[in-house]
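Structure file final_27.cif (mmCIF, C-alpha atoms and all ligand atoms) is printed below.
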data_coords
#
loop_
_atom_site.label_atom_id
_atom_site.label_comp_id
_atom_site.auth_asym_id
_atom_site.auth_seq_id
_atom_site.Cartn_x
_atom_site.Cartn_y
_atom_site.Cartn_z
CA MET A 18 0.00 0.00 0.00
CA THR A 19 1.68 3.16 -1.13
CA GLY A 20 0.78 6.70 -1.97
CA ARG A 21 -2.05 9.02 -1.26
CA PHE A 22 -5.41 8.95 -2.91
CA GLY A 23 -5.58 11.68 -5.52
CA PHE A 24 -7.13 12.91 -8.73
CA GLU A 25 -5.84 15.01 -11.58
CA VAL A 26 -7.66 16.57 -14.49
CA LEU A 27 -5.29 16.04 -17.41
CA HIS A 28 -7.23 17.64 -20.24
CA LYS A 29 -10.56 19.30 -20.91
CA ASP A 30 -12.35 18.78 -24.19
CA SER A 31 -12.54 22.02 -26.18
CA ARG A 32 -16.26 21.88 -27.08
CA THR A 33 -17.88 20.19 -24.07
CA ASN A 34 -17.27 19.90 -20.32
CA ALA A 35 -15.80 16.40 -20.73
CA ARG A 36 -12.51 15.90 -18.89
CA LEU A 37 -9.75 13.36 -19.14
CA GLY A 38 -8.40 12.53 -15.70
CA MET A 39 -6.48 10.11 -13.54
CA LEU A 40 -7.46 8.67 -10.17
CA HIS A 41 -4.52 7.60 -8.03
CA THR A 42 -5.32 4.79 -5.60
CA ALA A 43 -3.31 2.39 -3.46
CA HIS A 44 -4.30 -0.27 -5.99
CA GLY A 45 -3.17 1.51 -9.11
CA ASP A 46 -4.03 4.45 -11.32
CA VAL A 47 -7.42 4.62 -12.99
CA PRO A 48 -7.88 6.72 -16.15
CA THR A 49 -11.18 8.61 -16.26
CA PRO A 50 -13.91 8.86 -17.46
CA VAL A 51 -14.30 5.32 -16.20
CA PHE A 52 -17.07 2.73 -16.07
CA MET A 53 -16.84 0.48 -13.00
CA PRO A 54 -18.26 -3.04 -13.45
CA VAL A 55 -20.49 -4.01 -10.53
CA GLY A 56 -19.19 -6.86 -8.37
CA THR A 57 -22.08 -7.02 -5.93
CA ALA A 58 -21.04 -9.85 -3.64
CA GLY A 59 -17.31 -9.99 -4.24
CA ALA A 60 -17.63 -11.11 -7.86
CA VAL A 61 -18.63 -9.48 -11.12
CA LYS A 62 -21.34 -11.99 -11.96
CA ALA A 63 -20.25 -14.57 -14.57
CA MET A 64 -16.95 -12.76 -15.16
CA PRO A 65 -13.58 -14.18 -14.00
CA ASN A 66 -11.12 -11.62 -12.63
CA ASP A 67 -8.45 -12.46 -15.17
CA TRP A 68 -10.85 -11.57 -17.98
CA LEU A 69 -11.51 -8.23 -16.27
CA GLU A 70 -7.76 -7.71 -16.05
CA ALA A 71 -7.33 -8.61 -19.71
CA LEU A 72 -9.91 -5.94 -20.57
CA GLU A 73 -7.86 -3.50 -18.45
CA ALA A 74 -10.60 -2.94 -15.89
CA ARG A 75 -8.82 -0.97 -13.17
CA ILE A 76 -11.65 -0.49 -10.70
CA ILE A 77 -14.75 -2.46 -9.73
CA LEU A 78 -17.60 -1.94 -7.32
CA GLY A 79 -18.47 -3.98 -4.24
CA ASN A 80 -21.73 -3.76 -2.29
CA THR A 81 -21.52 -3.10 1.41
CA TYR A 82 -25.03 -4.38 2.08
CA HIS A 83 -24.48 -7.75 0.43
CA LEU A 84 -20.97 -8.34 1.81
CA TYR A 85 -22.08 -7.32 5.30
CA LEU A 86 -24.87 -9.91 5.24
CA ARG A 87 -22.77 -12.59 3.57
CA PRO A 88 -20.00 -13.55 4.36
CA GLY A 89 -19.80 -10.62 6.85
CA HIS A 90 -17.29 -7.77 6.90
CA GLU A 91 -15.49 -9.09 9.97
CA ARG A 92 -14.86 -12.42 8.26
CA ILE A 93 -13.57 -10.63 5.16
CA LYS A 94 -11.27 -8.57 7.38
CA ARG A 95 -9.91 -11.73 9.03
CA LEU A 96 -9.29 -13.12 5.55
CA GLY A 97 -7.14 -10.12 4.65
CA GLY A 98 -9.70 -7.68 3.23
CA LEU A 99 -11.82 -7.75 0.09
CA HIS A 100 -8.94 -7.37 -2.39
CA ARG A 101 -7.19 -10.42 -1.00
CA PHE A 102 -10.39 -12.40 -0.42
CA MET A 103 -11.42 -12.12 -4.08
CA ASP A 104 -7.84 -11.78 -5.37
CA TRP A 105 -8.46 -8.50 -7.16
CA GLN A 106 -5.35 -6.38 -7.67
CA GLY A 107 -7.13 -3.26 -8.94
CA ALA A 108 -9.05 -0.63 -7.04
CA ILE A 109 -12.39 -1.24 -5.31
CA LEU A 110 -15.16 1.25 -4.63
CA THR A 111 -17.84 0.19 -2.18
CA ASP A 112 -21.22 1.79 -1.85
CA SER A 113 -22.51 2.46 1.65
CA GLY A 114 -25.42 0.05 1.49
CA GLY A 115 -27.91 2.92 1.61
CA TYR A 116 -29.21 2.25 -1.89
CA GLN A 117 -29.72 -1.50 -1.32
CA VAL A 118 -31.59 -0.80 1.89
CA PHE A 119 -33.62 1.77 -0.04
CA SER A 120 -34.51 -0.80 -2.72
CA HIS A 121 -35.88 -3.22 -0.11
CA ARG A 122 -38.46 -0.61 0.85
CA GLU A 123 -40.88 -2.93 2.63
CA LEU A 124 -38.11 -4.28 4.86
CA ARG A 125 -36.81 -1.09 6.44
CA SER A 126 -37.49 1.93 8.61
CA ILE A 127 -35.43 5.11 8.62
CA SER A 128 -34.85 7.60 11.41
CA GLU A 129 -32.25 10.22 12.25
CA ASP A 130 -30.24 7.53 14.05
CA GLY A 131 -29.95 5.31 11.00
CA VAL A 132 -31.72 2.56 9.08
CA GLN A 133 -33.27 -0.49 10.63
CA PHE A 134 -33.72 -3.22 8.03
CA ARG A 135 -34.44 -6.86 7.66
CA SER A 136 -32.08 -9.07 5.69
CA HIS A 137 -33.60 -10.11 2.35
CA LEU A 138 -31.91 -13.49 2.95
CA ASP A 139 -33.25 -14.64 6.32
CA GLY A 140 -35.34 -11.78 7.70
CA SER A 141 -32.86 -11.05 10.50
CA LYS A 142 -32.89 -7.53 11.98
CA ASN A 143 -29.94 -5.26 11.18
CA PHE A 144 -29.04 -1.63 11.70
CA PHE A 145 -26.91 0.75 9.65
CA ASN A 146 -25.86 4.16 10.86
CA PRO A 147 -23.11 6.47 9.58
CA GLU A 148 -20.48 5.05 11.94
CA LYS A 149 -21.41 1.45 11.11
CA VAL A 150 -21.15 1.78 7.32
CA ILE A 151 -17.72 3.39 7.71
CA GLU A 152 -16.62 0.55 10.01
CA ILE A 153 -17.81 -2.00 7.43
CA GLN A 154 -16.10 -0.30 4.51
CA CYS A 155 -12.86 0.03 6.50
CA ALA A 156 -13.00 -3.70 7.27
CA LEU A 157 -13.50 -4.45 3.58
CA GLY A 158 -10.50 -2.24 2.75
CA SER A 159 -12.22 -0.21 0.02
CA ASP A 160 -10.04 2.24 -1.90
CA ILE A 161 -13.09 4.48 -2.23
CA ALA A 162 -15.89 4.34 0.34
CA MET A 163 -19.22 6.14 0.19
CA VAL A 164 -21.15 7.99 2.88
CA LEU A 165 -24.48 6.63 4.11
CA ASP A 166 -27.28 8.53 2.40
CA ASP A 167 -31.04 8.40 2.24
CA CYS A 168 -31.87 7.77 -1.41
CA THR A 169 -35.07 9.76 -1.98
CA ALA A 170 -37.77 7.89 -3.89
CA TYR A 171 -39.31 9.31 -7.06
CA PRO A 172 -41.67 11.06 -7.08
CA ALA A 173 -41.12 12.87 -3.76
CA ALA A 174 -42.92 15.97 -2.52
CA TYR A 175 -40.61 18.93 -2.03
CA ALA A 176 -40.85 18.91 1.76
CA ASP A 177 -40.05 15.18 1.94
CA ALA A 178 -37.12 15.55 -0.47
CA GLU A 179 -35.83 18.46 1.59
CA ALA A 180 -36.03 16.58 4.90
CA SER A 181 -34.37 13.53 3.35
CA MET A 182 -31.57 15.61 1.80
CA GLU A 183 -30.92 17.40 5.10
CA MET A 184 -30.70 14.12 6.98
CA SER A 185 -28.26 12.79 4.33
CA ALA A 186 -26.14 15.90 4.86
CA ARG A 187 -26.03 15.31 8.64
CA TRP A 188 -25.12 11.65 8.05
CA ALA A 189 -22.38 12.75 5.63
CA ARG A 190 -20.75 14.84 8.35
CA LYS A 191 -20.88 11.92 10.81
CA CYS A 192 -19.38 9.59 8.20
CA ARG A 193 -16.58 12.05 7.49
CA ASP A 194 -15.77 12.44 11.18
CA GLN A 195 -15.69 8.66 11.65
CA TRP A 196 -13.59 8.22 8.52
CA ARG A 197 -10.97 10.73 9.68
CA LYS A 198 -10.30 8.64 12.77
CA GLN A 199 -8.59 5.96 10.68
CA ASP A 200 -6.04 8.48 9.40
CA ASP A 201 -5.27 6.66 6.13
CA GLU A 202 -4.67 8.96 3.18
CA SER A 203 -4.37 6.12 0.68
CA ARG A 204 -8.15 5.69 0.73
CA ALA A 205 -10.94 8.17 0.12
CA LEU A 206 -14.49 8.76 1.30
CA PHE A 207 -16.87 10.37 -1.20
CA GLY A 208 -19.92 12.48 -0.38
CA ILE A 209 -23.25 11.98 -2.20
CA VAL A 210 -25.46 14.81 -3.45
CA GLN A 211 -29.18 14.17 -2.93
CA GLY A 212 -32.21 16.43 -3.37
CA SER A 213 -34.44 14.49 -5.76
CA VAL A 214 -35.37 16.48 -8.88
CA TYR A 215 -35.30 19.91 -7.22
CA PRO A 216 -32.36 22.03 -8.41
CA ASP A 217 -32.30 24.24 -5.31
CA LEU A 218 -32.15 21.19 -3.03
CA ARG A 219 -29.37 19.73 -5.15
CA LYS A 220 -27.53 23.04 -4.80
CA ARG A 221 -27.87 23.11 -1.02
CA SER A 222 -26.81 19.47 -0.78
CA ALA A 223 -23.74 20.04 -2.99
CA GLU A 224 -22.73 23.15 -1.05
CA SER A 225 -22.91 21.38 2.29
CA LEU A 226 -20.78 18.52 0.96
CA VAL A 227 -18.21 20.83 -0.64
CA GLU A 228 -17.85 22.46 2.76
CA LEU A 229 -17.10 19.05 4.28
CA ASP A 230 -14.16 18.81 1.86
CA PHE A 231 -14.73 15.30 0.48
CA PRO A 232 -11.98 14.16 -1.93
CA GLY A 233 -14.67 13.08 -4.41
CA MET A 234 -18.37 13.67 -4.86
CA ALA A 235 -21.17 11.54 -6.21
CA ILE A 236 -24.57 12.41 -7.60
CA GLY A 237 -27.04 9.94 -6.11
CA GLY A 238 -30.78 9.44 -6.15
CA LEU A 239 -31.14 9.41 -9.93
CA SER A 240 -32.29 6.68 -12.30
CA VAL A 241 -34.96 5.81 -9.73
CA GLY A 242 -37.93 6.19 -12.08
CA GLU A 243 -37.75 9.84 -13.15
CA PRO A 244 -38.01 10.71 -16.86
CA LYS A 245 -34.67 10.68 -18.70
CA ASP A 246 -34.77 14.36 -19.63
CA LEU A 247 -35.28 15.30 -16.01
CA MET A 248 -32.34 13.14 -14.98
CA TYR A 249 -30.11 14.89 -17.52
CA GLU A 250 -31.33 18.30 -16.32
CA ILE A 251 -30.45 17.48 -12.73
CA VAL A 252 -27.01 16.15 -13.65
CA GLU A 253 -26.37 19.22 -15.78
CA CYS A 254 -27.28 21.64 -12.99
CA THR A 255 -25.45 19.64 -10.27
CA VAL A 256 -22.07 19.01 -11.91
CA PRO A 257 -20.97 22.69 -11.95
CA LEU A 258 -21.61 22.84 -8.19
CA LEU A 259 -18.96 20.15 -7.58
CA ARG A 260 -15.31 21.00 -7.32
CA TRP A 261 -13.45 21.01 -10.60
CA ASP A 262 -10.35 19.37 -9.15
CA ARG A 263 -12.13 16.40 -7.58
CA PRO A 264 -13.68 13.32 -9.22
CA ARG A 265 -17.43 13.37 -9.94
CA TYR A 266 -19.32 10.10 -9.86
CA LEU A 267 -22.83 9.55 -11.24
CA MET A 268 -24.21 6.58 -9.32
CA GLY A 269 -26.18 3.77 -10.94
CA VAL A 270 -26.44 5.28 -14.43
CA GLY A 271 -26.70 3.84 -17.13
CA THR A 272 -27.03 3.16 -20.82
CA PRO A 273 -24.26 3.89 -23.34
CA GLN A 274 -25.95 7.15 -24.34
CA ASP A 275 -26.38 8.15 -20.67
CA LEU A 276 -22.63 7.76 -20.23
CA VAL A 277 -21.82 9.85 -23.30
CA ARG A 278 -24.18 12.63 -22.28
CA ALA A 279 -22.99 12.72 -18.66
CA VAL A 280 -19.32 12.68 -19.72
CA ALA A 281 -20.11 15.74 -21.86
CA MET A 282 -21.43 17.42 -18.70
CA GLY A 283 -18.20 16.70 -16.82
CA VAL A 284 -18.87 13.41 -15.00
CA ASP A 285 -15.82 11.17 -14.45
CA MET A 286 -17.07 7.91 -12.92
CA PHE A 287 -19.98 5.56 -13.53
CA ASP A 288 -21.34 2.24 -12.37
CA CYS A 289 -24.43 0.35 -13.42
CA VAL A 290 -25.70 -3.22 -13.38
CA LEU A 291 -27.05 -2.77 -16.91
CA PRO A 292 -24.25 -4.45 -18.93
CA THR A 293 -23.96 -7.43 -16.58
CA ARG A 294 -27.67 -7.89 -15.82
CA ASN A 295 -28.71 -7.42 -19.44
CA ALA A 296 -26.06 -9.94 -20.52
CA ARG A 297 -27.63 -12.58 -18.32
CA ASN A 298 -31.02 -11.72 -19.84
CA GLY A 299 -29.66 -12.10 -23.37
CA CYS A 300 -29.70 -8.37 -24.14
CA LEU A 301 -26.44 -7.36 -25.76
CA PHE A 302 -24.99 -3.93 -26.54
CA THR A 303 -23.33 -3.69 -29.93
CA SER A 304 -21.93 -0.98 -32.19
CA GLU A 305 -25.10 -1.47 -34.27
CA GLY A 306 -27.57 -1.19 -31.37
CA ARG A 307 -29.07 -3.59 -28.86
CA ILE A 308 -29.57 -7.25 -29.76
CA LEU A 309 -31.97 -9.67 -28.07
CA ILE A 310 -30.13 -12.89 -28.72
CA LYS A 311 -33.21 -15.11 -28.27
CA ASN A 312 -34.82 -13.69 -31.43
CA ALA A 313 -35.50 -16.27 -34.13
CA ILE A 314 -33.70 -14.17 -36.76
CA TYR A 315 -30.38 -15.24 -35.18
CA ALA A 316 -31.16 -18.98 -35.29
CA GLU A 317 -28.86 -19.59 -38.27
CA ASP A 318 -26.85 -16.38 -38.17
CA GLN A 319 -23.20 -17.37 -38.45
CA GLY A 320 -21.91 -13.83 -38.01
CA PRO A 321 -20.28 -12.47 -34.84
CA LEU A 322 -22.36 -10.74 -32.20
CA ASP A 323 -20.70 -7.41 -33.00
CA PRO A 324 -18.47 -7.22 -36.10
CA ASN A 325 -16.68 -4.22 -34.55
CA CYS A 326 -15.83 -5.94 -31.25
CA SER A 327 -12.62 -7.89 -30.67
CA CYS A 328 -13.67 -9.68 -27.45
CA LEU A 329 -13.32 -13.44 -27.22
CA THR A 330 -17.07 -13.94 -27.59
CA CYS A 331 -17.16 -12.00 -30.85
CA ARG A 332 -13.93 -13.58 -32.17
CA ARG A 333 -15.03 -17.17 -31.58
CA TYR A 334 -18.77 -17.60 -31.46
CA SER A 335 -21.64 -17.01 -33.84
CA ARG A 336 -24.94 -15.36 -33.01
CA ALA A 337 -26.57 -18.74 -33.73
CA TYR A 338 -24.44 -20.47 -31.08
CA LEU A 339 -24.96 -17.69 -28.49
CA ARG A 340 -28.73 -17.91 -29.12
CA HIS A 341 -28.61 -21.67 -28.59
CA LEU A 342 -26.66 -21.30 -25.30
CA PHE A 343 -29.20 -18.75 -24.08
CA LEU A 344 -32.28 -20.79 -25.01
CA THR A 345 -30.92 -23.98 -23.45
CA GLY A 346 -30.00 -22.15 -20.24
CA GLU A 347 -26.31 -23.07 -20.43
CA HIS A 348 -24.19 -21.28 -17.81
CA LEU A 349 -21.76 -20.26 -20.53
CA SER A 350 -24.46 -18.07 -22.03
CA ALA A 351 -24.16 -15.66 -19.11
CA VAL A 352 -20.36 -15.92 -19.20
CA TYR A 353 -19.90 -15.12 -22.91
CA ASN A 354 -22.65 -12.50 -22.94
CA THR A 355 -21.18 -10.75 -19.89
CA LEU A 356 -17.70 -10.78 -21.36
CA HIS A 357 -19.03 -9.06 -24.47
CA ASN A 358 -21.14 -6.42 -22.69
CA ILE A 359 -18.35 -5.48 -20.26
CA SER A 360 -15.92 -5.41 -23.14
CA PHE A 361 -18.30 -3.13 -25.08
CA TYR A 362 -18.62 -0.68 -22.17
CA LEU A 363 -14.89 -0.58 -21.34
CA ASP A 364 -13.99 -0.23 -25.01
CA MET A 365 -16.45 2.64 -25.37
CA MET A 366 -14.92 4.42 -22.36
CA ARG A 367 -11.43 3.93 -23.80
CA LYS A 368 -12.55 5.52 -27.07
CA ILE A 369 -14.22 8.35 -25.17
CA ARG A 370 -10.96 9.06 -23.31
CA GLU A 371 -9.01 9.06 -26.57
CA SER A 372 -11.46 11.45 -28.16
CA ILE A 373 -11.30 13.87 -25.20
CA GLN A 374 -7.51 13.81 -25.43
CA LEU A 375 -7.74 14.69 -29.13
CA ASP A 376 -10.46 17.33 -28.61
CA PHE A 377 -13.11 15.65 -30.72
CA PHE A 378 -15.36 14.23 -28.00
CA GLY A 379 -18.16 16.51 -29.27
CA ASN A 380 -18.50 14.14 -32.26
CA TRP A 381 -20.00 11.53 -29.91
CA LEU A 382 -22.98 13.80 -29.28
CA GLU A 383 -23.92 14.33 -32.92
CA PRO A 384 -25.55 10.96 -33.64
CA MET A 385 -27.52 11.40 -30.41
CA GLU A 386 -28.70 14.86 -31.36
CA LYS A 387 -29.87 13.45 -34.69
CA GLY A 388 -31.66 10.63 -32.84
CA GLU A 389 -29.63 7.96 -34.62
CA ILE A 390 -28.75 5.88 -31.59
CA GLU A 391 -31.81 6.51 -29.46
CA SER A 392 -32.74 2.82 -29.62
CA ARG A 393 -29.62 1.67 -27.76
ZN ZN A 401 -17.69 -8.70 -28.23
#
Rewrite the structure from the file as structure tokens, please.
Amino acid sequence: MTGRFGFEVLHKDSRTNARLGMLHTAHGDVPTPVFMPVGTAGAVKAMPNDWLEALEARIILGNTYHLYLRPGHERIKRLGGLHRFMDWQGAILTDSGGYQVFSHRELRSISEDGVQFRSHLDGSKNFFNPEKVIEIQCALGSDIAMVLDDCTAYPAAYADAEASMEMSARWARKCRDQWRKQDDESRALFGIVQGSVYPDLRKRSAESLVELDFPGMAIGGLSVGEPKDLMYEIVECTVPLLRWDRPRYLMGVGTPQDLVRAVAMGVDMFDCVLPTRNARNGCLFTSEGRILIKNAIYAEDQGPLDPNCSCLTCRRYSRAYLRHLFLTGEHLSAVYNTLHNISFYLDMMRKIRESIQLDFFGNWLEPMEKGEIESR
């Protein structure tokens, strides 16, 4: 473990707010903008680590909620931390568990003290508060940890969104104070902007977090059912409120076009279950749009999944074979489909970084403005 956590903006695109950057972590440097594959329970589903390494994935996500319930953060700590447990050499970001608790709405109750929730596995009673989620993430050994936040549901009345945002801000301060006790500058704790779809609440939330001096800031509480245009509006008005010299992370978003549009607004980091979950459901992202591999038109299609992709799935297997694996429920269907979708996302981010470096990132927006890739 060497070095301090840090971030540099290396270049700004001339026509948009897109930035090329570099995150420095104790587990290596991560070029941004970056997409982080989701490794919920200590594994990116259906994707071996050495394939992730071969695709040059430098950072993945782990879920505090799931790892806390199973196998337990104390056990992971005894086994040397999450990196060692899952033998992942790159960086790991863990969420705080707030969003998972939020998604199991019927199983939880929230108060100023924290969140009482029942395990979705066995119904056992559990409690998260700001201090607890920091303790868990420290035990896991995350390179980047997240504060506990209350993810406001959509739609939310203004007064409810305001109360929820204010509580998240108080929790953020408690998390920061707890985090500082460990005195380890190789890791970072990020704040999370809430405030639903109300720009003035987002502004107040961002200002309170900037004051707390987090080394990175996330935009949370989006992609929870609001219309797309509204999501883009909120991202666009929130990003300029975040510090220029710190990484900006849009949580849980999204599709390839979401990533392009948010990069243009100045977002640096993304995570989403879409490429991995869709892969298991036979929905594949390609340079020619989305493909549902179960469709009969692929039954005798000997072509590759994506002629412009160089992943192992596209080099070796036909659409006909991938359709057969999917329809027969073979485990390899999820494996090959996931490899392709992750490869597609990471390859897209690599091309985005190259285009920012060369000042032609704006070209990515043109097909979207013309509506050419709206179906993806
Ligand atoms: Zn491929």
Please report, as JSON lines, each residue of chain A lying at most 10 Å from ligand ZN 401 (chain A), together with the nearest pair of atoms and the separation in Å rounded to one decimal; use all atoms listed in the file, and order rows by chain and ascending residue number.
{"residue": "A:Leu301", "atom": "CA", "partner": "A:ZN401", "partner_atom": "ZN", "distance": 9.2}
{"residue": "A:Phe302", "atom": "CA", "partner": "A:ZN401", "partner_atom": "ZN", "distance": 8.9}
{"residue": "A:Thr303", "atom": "CA", "partner": "A:ZN401", "partner_atom": "ZN", "distance": 7.7}
{"residue": "A:Ser304", "atom": "CA", "partner": "A:ZN401", "partner_atom": "ZN", "distance": 9.7}
{"residue": "A:Pro321", "atom": "CA", "partner": "A:ZN401", "partner_atom": "ZN", "distance": 8.0}
{"residue": "A:Leu322", "atom": "CA", "partner": "A:ZN401", "partner_atom": "ZN", "distance": 6.5}
{"residue": "A:Asp323", "atom": "CA", "partner": "A:ZN401", "partner_atom": "ZN", "distance": 5.8}
{"residue": "A:Pro324", "atom": "CA", "partner": "A:ZN401", "partner_atom": "ZN", "distance": 8.0}
{"residue": "A:Asn325", "atom": "CA", "partner": "A:ZN401", "partner_atom": "ZN", "distance": 7.8}
{"residue": "A:Cys326", "atom": "CA", "partner": "A:ZN401", "partner_atom": "ZN", "distance": 4.5}
{"residue": "A:Ser327", "atom": "CA", "partner": "A:ZN401", "partner_atom": "ZN", "distance": 5.7}
{"residue": "A:Cys328", "atom": "CA", "partner": "A:ZN401", "partner_atom": "ZN", "distance": 4.2}
{"residue": "A:Leu329", "atom": "CA", "partner": "A:ZN401", "partner_atom": "ZN", "distance": 6.5}
{"residue": "A:Thr330", "atom": "CA", "partner": "A:ZN401", "partner_atom": "ZN", "distance": 5.3}
{"residue": "A:Cys331", "atom": "CA", "partner": "A:ZN401", "partner_atom": "ZN", "distance": 4.2}
{"residue": "A:Arg332", "atom": "CA", "partner": "A:ZN401", "partner_atom": "ZN", "distance": 7.3}
{"residue": "A:Arg333", "atom": "CA", "partner": "A:ZN401", "partner_atom": "ZN", "distance": 9.5}
{"residue": "A:Tyr334", "atom": "CA", "partner": "A:ZN401", "partner_atom": "ZN", "distance": 9.5}
{"residue": "A:Tyr353", "atom": "CA", "partner": "A:ZN401", "partner_atom": "ZN", "distance": 8.6}
{"residue": "A:Asn354", "atom": "CA", "partner": "A:ZN401", "partner_atom": "ZN", "distance": 8.2}
{"residue": "A:Thr355", "atom": "CA", "partner": "A:ZN401", "partner_atom": "ZN", "distance": 9.3}
{"residue": "A:Leu356", "atom": "CA", "partner": "A:ZN401", "partner_atom": "ZN", "distance": 7.2}
{"residue": "A:His357", "atom": "CA", "partner": "A:ZN401", "partner_atom": "ZN", "distance": 4.0}
{"residue": "A:Asn358", "atom": "CA", "partner": "A:ZN401", "partner_atom": "ZN", "distance": 6.9}
{"residue": "A:Ile359", "atom": "CA", "partner": "A:ZN401", "partner_atom": "ZN", "distance": 8.6}
{"residue": "A:Ser360", "atom": "CA", "partner": "A:ZN401", "partner_atom": "ZN", "distance": 6.3}
{"residue": "A:Phe361", "atom": "CA", "partner": "A:ZN401", "partner_atom": "ZN", "distance": 6.4}
{"residue": "A:Asp364", "atom": "CA", "partner": "A:ZN401", "partner_atom": "ZN", "distance": 9.8}
Near stretch 96-106 of chain A, within 9 Å and counting all atoms listed in the file, which residues show up once chain neighbours fewer than 5 positions away are dropped, as a VMD selection string? chain A and resid 44 to 45 59 to 60 66 to 67 70 75 79 90 to 91 155 to 159
Residue nearest A:Met268 among A:Leu110, A:Ile127, A:Leu72, A:Ala174 (counting all atoms listed in the file):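 Ranked by minimum distance to A:Met268, first place goes to A:Leu110.
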Can you work out the spacing between atom CA of A:Glu224 and atom CA of A:Leu239 in Å, to one decimal?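 Atom-to-atom, atom CA of A:Glu224 to atom CA of A:Leu239, that is 18.4 Å.
In terms of minimum interatomic distance to A:Thr57, A:Leu78 ranks closest within A:Leu78, A:Ile209, A:Met182, A:Cys192, counting all atoms listed in the file.
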Taking (-29.9, -9.2, 11.1) in the file's coordinates as the center, which residues reach within 12 Å of it, counting only C-alpha atoms, put as number ranges by chain? A: 82, 85-87, 89, 124-125, 133-145
Write a file of the just-selected residues containing C-alpha atoms, as a compact mmCIF listing (two decimals), in the frame of the given file.
# COMPACT_ATOMS: atom_id res chain seq x y z
CA TYR A 82 -25.03 -4.38 2.08
CA TYR A 85 -22.08 -7.32 5.30
CA LEU A 86 -24.87 -9.91 5.24
CA ARG A 87 -22.77 -12.59 3.57
CA GLY A 89 -19.80 -10.62 6.85
CA LEU A 124 -38.11 -4.28 4.86
CA ARG A 125 -36.81 -1.09 6.44
CA GLN A 133 -33.27 -0.49 10.63
CA PHE A 134 -33.72 -3.22 8.03
CA ARG A 135 -34.44 -6.86 7.66
CA SER A 136 -32.08 -9.07 5.69
CA HIS A 137 -33.60 -10.11 2.35
CA LEU A 138 -31.91 -13.49 2.95
CA ASP A 139 -33.25 -14.64 6.32
CA GLY A 140 -35.34 -11.78 7.70
CA SER A 141 -32.86 -11.05 10.50
CA LYS A 142 -32.89 -7.53 11.98
CA ASN A 143 -29.94 -5.26 11.18
CA PHE A 144 -29.04 -1.63 11.70
CA PHE A 145 -26.91 0.75 9.65
Distance atom CA of A:Gly212-atom CA of A:Leu267, one decimal place? 14.0 Å
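Distance annotation: of A:Cys168, A:Glu179, A:Gly237, A:Lys94, the residue with the minimal separation from A:Tyr215 is A:Glu179; atom set is all atoms listed in the file.
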Using only C-alpha atoms, collect all residues at a distance of at most 12 Å from (-14.9, 11.8, 10.8) as written in the file, then present them as a PyMOL selection string. chain A and resi 147-148+151-152+164+187-201+205-206+229-231
